[in-house]
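Report on the following structure.
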Amino acid sequence: MNIDSVYAISEDVVAHEIEGQLIIVPVTSNVGDMEDELYSLNETGRGVWDRLDGKTSLRDLITQLSEEYEASFQEIEADVFGLMKELLKRKFLVEIPS
Amino acid sequence: MHKSYIRRTPLPEAPIWQKLAGRKGRLLAMNLEVTARCNNNCRHCYINVPANNQDAKKKELSFEKIKDIADQACSLETLWCLITGGEPLLRNDFEEIYIYLKKKGLLVSVFTNATLLKQSHIDIFKKWPPRNIEVSVYGVTEKTYEKVTRKPGSFKAFMRGLNLLLDSGIPVDLKAMAIRSNIEELEQIALFCKKKSKSPFRFDPLLHLRFDGDRKRNQEIMSERLTPEEIAVLDRQDYLRFSAMKKECDNPANKVVTDNEKSFLFNCGTGLDECTIGPDGKFRLCSSLLHPDCVFDLNKGSLAEALRKFVPVVRNMRSDSSEFLESCRKCPIVNLCYWCPAHAHLETGKLDSRVQYFCEVARLRARSLEEQKVRRSEGRRTEDGDQRTEDRGQKVRK
């Protein structure tokens, strides 16, 4: 994972916003853990998910979040990378070639 | 900032269900009856018309209309959709419908008799996994199965289809109807289902009368019904079923009705977060509620209108029938009864009539629970007596 990479949400998942909560439903067998589970994100995760638009690099995304949360770039970077690892492991994201 | 980023929750335990339950104007789940046609001709079926019935086929919702309804449902925050029928696999566009619903991010279940399953269906289910597939088991021998379905060759087709599903690892729930034509085999059916599927075996002895009101078919269905005594015995033999019944009977929420509420017909959750869409696009608050005053045509109005304007009107329906107010509404064992306005309408043509058969089943169920209570308290008394004797013995020995 590179900080200048750009990611988009995979077409193999659909995110529903229900009662203000983001619920991620895997729709094909390529993604998720193939178990009978729903996925939801915490507030941090939600802030990242909403910016995974296939245009914004991780660097820009972290900059935006560090301004919004008034936290250091390094602090936000660690959280974003942690979340990205989880999302990529489950194939919820695709990398957009530069 | 928190360190746990993604929350994984087993589907049945997801907190979102509690958040969503009972919200007005939202639709958690939708049952989509894509056809009333079926390739079987089951003796007990409330909906089936022959597979080649062109009139029924013409009335079915088009794929375009189904897509439109699914889009509307998703905008109302629907999460779950059941594709059912008739036999949904009879539709030539079943695969397109299924994939469209999956691509919308819905959790999709399918009810099927499994006889028409092909490898192409399995390939799709493997790529786009269903929430579950529910298959009805009418018998475990050719003789019994086809006595129920009245379709030669259907048992072999069922076994082939079921094995295709099981061999591919797709989640399958097996269930049965307990009817006159298969009652002798019910025990073997239960064993078969428990062996083939991880899900708990479920059976249902309640046979609905026909949605189309066909009198001849209704006679057949009534002749397939088990007697209240037979149903009570089946209930007692099934520990999980009996425990669930006892819990339901003890649930005070279903008993408390204020003076203002007592004339309301609907004392259940019908239409609050779930609906059924018939093959012709008619919206129903629940699967069995077919009274003309309780259906809304989605060819003439939207799903949002149905939920927000029509459902409250139906739920506000009241009855001034003394028969209803003095019997079913006051009945202390209504939780053990099949009675509800929808079933009453199917049985009698009225939403607020008593149904003698249901009363008898409920009475025998209540008696079984009472007998169990007495047996338990006698058992406790015997144990207490034994303990007191033992205590006295110990004192003497000391």
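Letters A, B, ... mark the chains of the structure tokens in the order given; residue numbers begin at 1 per chain; ligand numbers begin at 1, in order shown.
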
Practice item. Kindly provide, as number ranges by chain, the residues of chain A having any atom no farther than 6 Å from an atom of chain B, counting only C-alpha atoms. Key: A: 14, 25, 27-29, 36-42, 45, 83

Output file for the residues above (C-alpha atoms, as an mmCIF file, in the first residue's frame):
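Listing of result.cif after writing:
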data_model
loop_
_atom_site.group_PDB
_atom_site.id
_atom_site.type_symbol
_atom_site.label_atom_id
_atom_site.label_comp_id
_atom_site.auth_asym_id
_atom_site.auth_seq_id
_atom_site.Cartn_x
_atom_site.Cartn_y
_atom_site.Cartn_z
ATOM 1 C CA VAL A 14 -22.799 -2.457 -1.627
ATOM 2 C CA VAL A 25 -22.953 -6.090 2.261
ATOM 3 C CA VAL A 27 -22.579 -9.315 -2.953
ATOM 4 C CA THR A 28 -20.223 -11.812 -4.552
ATOM 5 C CA SER A 29 -18.225 -14.688 -3.173
ATOM 6 C CA ASP A 36 -23.116 -14.979 7.365
ATOM 7 C CA GLU A 37 -22.093 -11.551 8.564
ATOM 8 C CA LEU A 38 -22.744 -7.872 8.057
ATOM 9 C CA TYR A 39 -19.990 -5.306 8.273
ATOM 10 C CA SER A 40 -20.253 -1.837 9.715
ATOM 11 C CA LEU A 41 -17.672 0.904 10.181
ATOM 12 C CA ASN A 42 -16.950 3.107 13.154
ATOM 13 C CA GLY A 45 -13.905 4.190 9.173
ATOM 14 C CA LEU A 83 -8.416 0.429 8.205
#

Check your understanding: Got a sec: who's within 12 Å of segment 367-376 of chain B, counting only C-alpha atoms, leaving out chain neighbours fewer than 2 positions off, as an NGL selection string?
Key -> :B and (228-229 or 231-237 or 239 or 241-250 or 333 or 336 or 360-365 or 378-383)

Exercise for review: Write out as a count of residues only the residues lying within 12 Å of Asp53 of chain A, counting only C-alpha atoms and excluding same-chain residues fewer than 3 positions away.
Suggested key: 19

Those of segment 31-94 of chain A in DSSP strand (DSSP E), formatted as an mmCIF file with N, CA and C atoms, in the first residue's frame:
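As a result, result.cif now contains:
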data_model
loop_
_atom_site.group_PDB
_atom_site.id
_atom_site.type_symbol
_atom_site.label_atom_id
_atom_site.label_comp_id
_atom_site.auth_asym_id
_atom_site.auth_seq_id
_atom_site.Cartn_x
_atom_site.Cartn_y
_atom_site.Cartn_z
ATOM 1 N N GLU A 37 -22.334 -12.710 7.718
ATOM 2 C CA GLU A 37 -22.093 -11.551 8.564
ATOM 3 C C GLU A 37 -22.328 -10.250 7.819
ATOM 4 N N LEU A 38 -22.677 -9.229 8.584
ATOM 5 C CA LEU A 38 -22.744 -7.872 8.057
ATOM 6 C C LEU A 38 -21.526 -7.122 8.569
ATOM 7 N N TYR A 39 -21.129 -6.109 7.862
ATOM 8 C CA TYR A 39 -19.990 -5.306 8.273
ATOM 9 C C TYR A 39 -20.443 -3.870 8.478
ATOM 10 N N SER A 40 -19.970 -3.259 9.537
ATOM 11 C CA SER A 40 -20.253 -1.837 9.715
ATOM 12 C C SER A 40 -18.950 -1.142 10.119
ATOM 13 N N LEU A 41 -18.890 0.157 9.885
ATOM 14 C CA LEU A 41 -17.672 0.904 10.181
ATOM 15 C C LEU A 41 -17.908 1.852 11.344
ATOM 16 N N ASP A 53 -13.115 7.598 -3.299
ATOM 17 C CA ASP A 53 -13.920 7.909 -4.467
ATOM 18 C C ASP A 53 -13.237 7.594 -5.795
ATOM 19 N N GLY A 54 -12.088 6.944 -5.727
ATOM 20 C CA GLY A 54 -11.376 6.620 -6.964
ATOM 21 C C GLY A 54 -10.602 7.812 -7.520
ATOM 22 N N LYS A 55 -10.577 8.920 -6.795
ATOM 23 C CA LYS A 55 -9.860 10.125 -7.272
ATOM 24 C C LYS A 55 -8.867 10.639 -6.225
ATOM 25 N N THR A 56 -9.266 10.496 -4.942
ATOM 26 C CA THR A 56 -8.459 11.079 -3.865
ATOM 27 C C THR A 56 -7.352 10.111 -3.435
ATOM 28 N N SER A 57 -6.114 10.592 -3.403
ATOM 29 C CA SER A 57 -5.018 9.723 -2.945
ATOM 30 C C SER A 57 -5.097 9.582 -1.426
ATOM 31 N N LEU A 93 -12.056 -3.055 -1.598
ATOM 32 C CA LEU A 93 -11.562 -1.919 -2.378
ATOM 33 C C LEU A 93 -10.795 -2.398 -3.603
ATOM 34 N N VAL A 94 -10.724 -1.513 -4.594
ATOM 35 C CA VAL A 94 -9.836 -1.786 -5.732
ATOM 36 C C VAL A 94 -8.900 -0.581 -5.886
#

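Compared by their closest atoms to Ala190 of chain B, and using only C-alpha atoms, the residues B:Val137, B:Leu289, B:Leu206, B:Leu226 rank with B:Val137 nearest.
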
Exercise for review: Would you list the contacts of Lys300 of chain B as a ChimeraX atom specification, taking every protein, DNA or RNA residue within 12 Å and counting only C-alpha atoms, but skipping same-chain residues closer than 3 positions in sequence?
Suggested key: /B:65,280-283,295-297,303,305-306

Practice item. Would you kindly return, as a PyMOL selection string, each protein, DNA or RNA residue with an atom no farther than 6 Å from any atom of Cys81 of chain B, considering only C-alpha atoms and excluding same-chain residues fewer than 6 positions away? Key: chain B and resi 29-31+108

Those residues you just picked out, can you put them in a file as a tab-separated table (two decimals), in the first residue's frame with C-alpha atoms?
chain	number	residue	atom	x	y	z
B	29	ALA	CA	-37.82	-7.11	4.42
B	30	MET	CA	-39.79	-7.82	1.29
B	31	ASN	CA	-41.25	-11.11	0.09
B	108	VAL	CA	-31.54	-12.61	-0.89

Exercise for review: Would you list, as an MDAnalysis selection string, the residues of chain A that end up in alpha helix (DSSP H) under DSSP run on this structure's backbone?
Suggested key: chainID A and resid 43:49 58:69 73:89

How would the residues just picked look written out with C-alpha atoms as a compact mmCIF listing (two decimals), in the first residue's frame?
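File produced: again-v5.txt:
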# COMPACT_ATOMS: atom_id res chain seq x y z
CA GLU A 43 -16.88 6.89 12.80
CA THR A 44 -13.27 6.95 11.67
CA GLY A 45 -13.91 4.19 9.17
CA ARG A 46 -16.90 6.08 7.85
CA GLY A 47 -14.81 9.22 7.29
CA VAL A 48 -12.34 7.21 5.23
CA TRP A 49 -14.98 5.20 3.33
CA LEU A 58 -4.42 8.37 0.54
CA ARG A 59 -2.12 11.33 1.20
CA ASP A 60 -4.89 13.82 0.37
CA LEU A 61 -7.39 11.78 2.34
CA ILE A 62 -5.19 11.78 5.43
CA THR A 63 -4.59 15.51 5.09
CA GLN A 64 -8.33 16.17 4.93
CA LEU A 65 -9.02 13.99 7.97
CA SER A 66 -6.19 15.45 10.05
CA GLU A 67 -7.68 18.91 9.44
CA GLU A 68 -11.19 17.70 10.26
CA TYR A 69 -10.17 15.87 13.44
CA PHE A 73 -0.86 13.63 10.00
CA GLN A 74 1.08 10.72 11.54
CA GLU A 75 -1.70 9.88 13.97
CA ILE A 76 -4.33 9.81 11.23
CA GLU A 77 -2.02 7.97 8.86
CA ALA A 78 -1.68 5.08 11.31
CA ASP A 79 -5.46 4.77 11.64
CA VAL A 80 -6.10 5.06 7.91
CA PHE A 81 -3.48 2.43 7.08
CA GLY A 82 -4.96 0.12 9.71
CA LEU A 83 -8.42 0.43 8.20
CA MET A 84 -7.16 0.17 4.63
CA LYS A 85 -5.40 -3.09 5.47
CA GLU A 86 -8.67 -4.55 6.78
CA LEU A 87 -10.67 -3.33 3.79
CA LEU A 88 -8.11 -4.57 1.27
CA LYS A 89 -7.81 -7.95 3.02
